[in-house]
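Working notes, structure below.
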Amino acid sequence: MKCQELMAALNDYLDGAESSALCQEFQRHLRDCPACQVVVDNVRHTILLCKDGQTYEIPAPCREKLRQALREKWRQKHPSAA
Amino acid sequence: MAVQSPPDDDQALARQAKAGSLEAMETLVGRHETALYSTAMRILRNAHDAEDATQQALLDIVENLESFREESSFRTWAHRITTFAALKIIRKRRGLETVSLEASTEAQESYDQIPHPEFIADWRESPERLAQQRETARLIEEAMEQLEEKHRLVFLLRDIEGLSGEETAQALGISVANVKVRLLRARLRLRELLTRAFGNPARRQEPHRHPHEEAPAKNTRQDL
């Protein structure tokens, strides 16, 4: 397997495109290569962590500003609403 | 008329909002606004711009509410709108008028120069547990900071926002092929940085030297 192919296979493997011949080859590689298996696990964890681990609280003045903007827009759109 | 409290699920709230209920709209937005703001913050990395993007997104949501189909996920729809609002600000930052975020002809990136993993170790704790810890957000931020923006954006759109390769390519005005290479580069770089932060050093593994890595000269690759 060429280096470039191995790298490309890593992406596809992570994305669940496991049916391609390249991915099957990659899977065979993983069985014999604990370091690569850990790398694959690491990447999965990285993605999960970045998804869940970064929540930014909206500062209170900003939250109020957003509320006002939403209401203003709503009134423009629904002029007859109470 | 008796005042009814808004229902529990997004779908019902969206239906009520479409029917004209401001209260339902506000409740629905209230549920998602922190997540939407976080999406904007990750892309824009400053609070002022994130506020602008989130505000624009909320206006776009109200404006386009008719076209939202209640059976779909409000969360996904609202996040897409916010992502595009944030990308628009990035374009403005770069002084770009066109859709593409690339100022000049886009260079085709290759897999050749992506660094191979060096620090390889199981993480000390699960991502779920780490996500709850206070310093984790800062560590992620520091790691993201290390990426070039063009790689970070692909990672954010593909892996965090869940856009497809095609959608990401369109949103950024680059080829699908480049999306793939940049995504891999981002994933591996972040893996490296976060594993240094969270990996268990007692369980560190040596990188496996693959047969193809024994090729001595830069541009010759041995076929196996």
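Starting from 1 in every chain, residues are counted up; chains themselves are A, B, ... following the order of the structure tokens, and ligands are numbered from 1 as listed.
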Self-check item: At most 8 Å to chain B: residues in chain A, only C-alpha atoms, as a PyMOL selection string
Solution: chain A and resi 1-4+7-8+11+33+35-36+38-39+41-43+45-58+62+66-67+69-71+73-74+77-78+81
Exercise. Any chance you could list, as a VMD selection string, the residues in segment 55-207 of chain B that come up helix (DSSP H, G or I) when DSSP is run on the backbone?
Key: chain B and resid 55 to 63 65 to 67 74 to 94 127 to 131 136 to 145 149 to 160 165 to 172 176 to 198
Quiz item: If we count only C-alpha atoms, what is near Ala9 of chain A at a cut-off of 8 Å, once residues fewer than 2 positions away on the same chain are taken out, given as a ChimeraX atom specification?
Solution: /A:5-7,11-13,22-23,26
Residues of the last selection are to be written out with C-alpha atoms, as an mmCIF file, in the first residue's frame.
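Output contents, as saved in part.cif:
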```cif
data_model
loop_
_atom_site.group_PDB
_atom_site.id
_atom_site.type_symbol
_atom_site.label_atom_id
_atom_site.label_comp_id
_atom_site.auth_asym_id
_atom_site.auth_seq_id
_atom_site.Cartn_x
_atom_site.Cartn_y
_atom_site.Cartn_z
ATOM 1 C CA GLU A 5 -3.244 5.420 -0.172
ATOM 2 C CA LEU A 6 -2.805 4.516 3.470
ATOM 3 C CA MET A 7 -3.542 8.076 4.511
ATOM 4 C CA ASN A 11 -10.027 9.032 6.371
ATOM 5 C CA ASP A 12 -12.486 6.737 4.653
ATOM 6 C CA TYR A 13 -12.163 4.130 7.359
ATOM 7 C CA LEU A 22 -8.602 -0.023 0.284
ATOM 8 C CA CYS A 23 -10.397 0.000 3.610
ATOM 9 C CA PHE A 26 -6.426 -0.959 6.020
#
```
Quiz item: What does the distance between atom CA of Phe84 of chain B and atom CA of Leu172 of chain B come to in Å, to one decimal place?
Solution: 9.7 Å
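Picture a line from atom CA of Asn178 of chain B to atom CA of Gln108 of chain B; it runs 6.4 Å.
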Quiz item: Which parts of segment 64-190 of chain B does DSSP call strand (DSSP E or B) when run on the backbone here, written out as a PyMOL selection string?
Solution: chain B and resi 120-123
Go ahead and save the picked residues with C-alpha atoms, as a PDB file, in the first residue's frame.
```pdb
ATOM      1  CA  ILE B 120       0.494   7.590  20.358  1.00  0.00           C
ATOM      2  CA  ALA B 121      -1.256   6.571  23.567  1.00  0.00           C
ATOM      3  CA  ASP B 122      -4.658   5.627  24.892  1.00  0.00           C
ATOM      4  CA  TRP B 123      -6.346   8.545  26.526  1.00  0.00           C
TER       5      TRP B 123
END
```
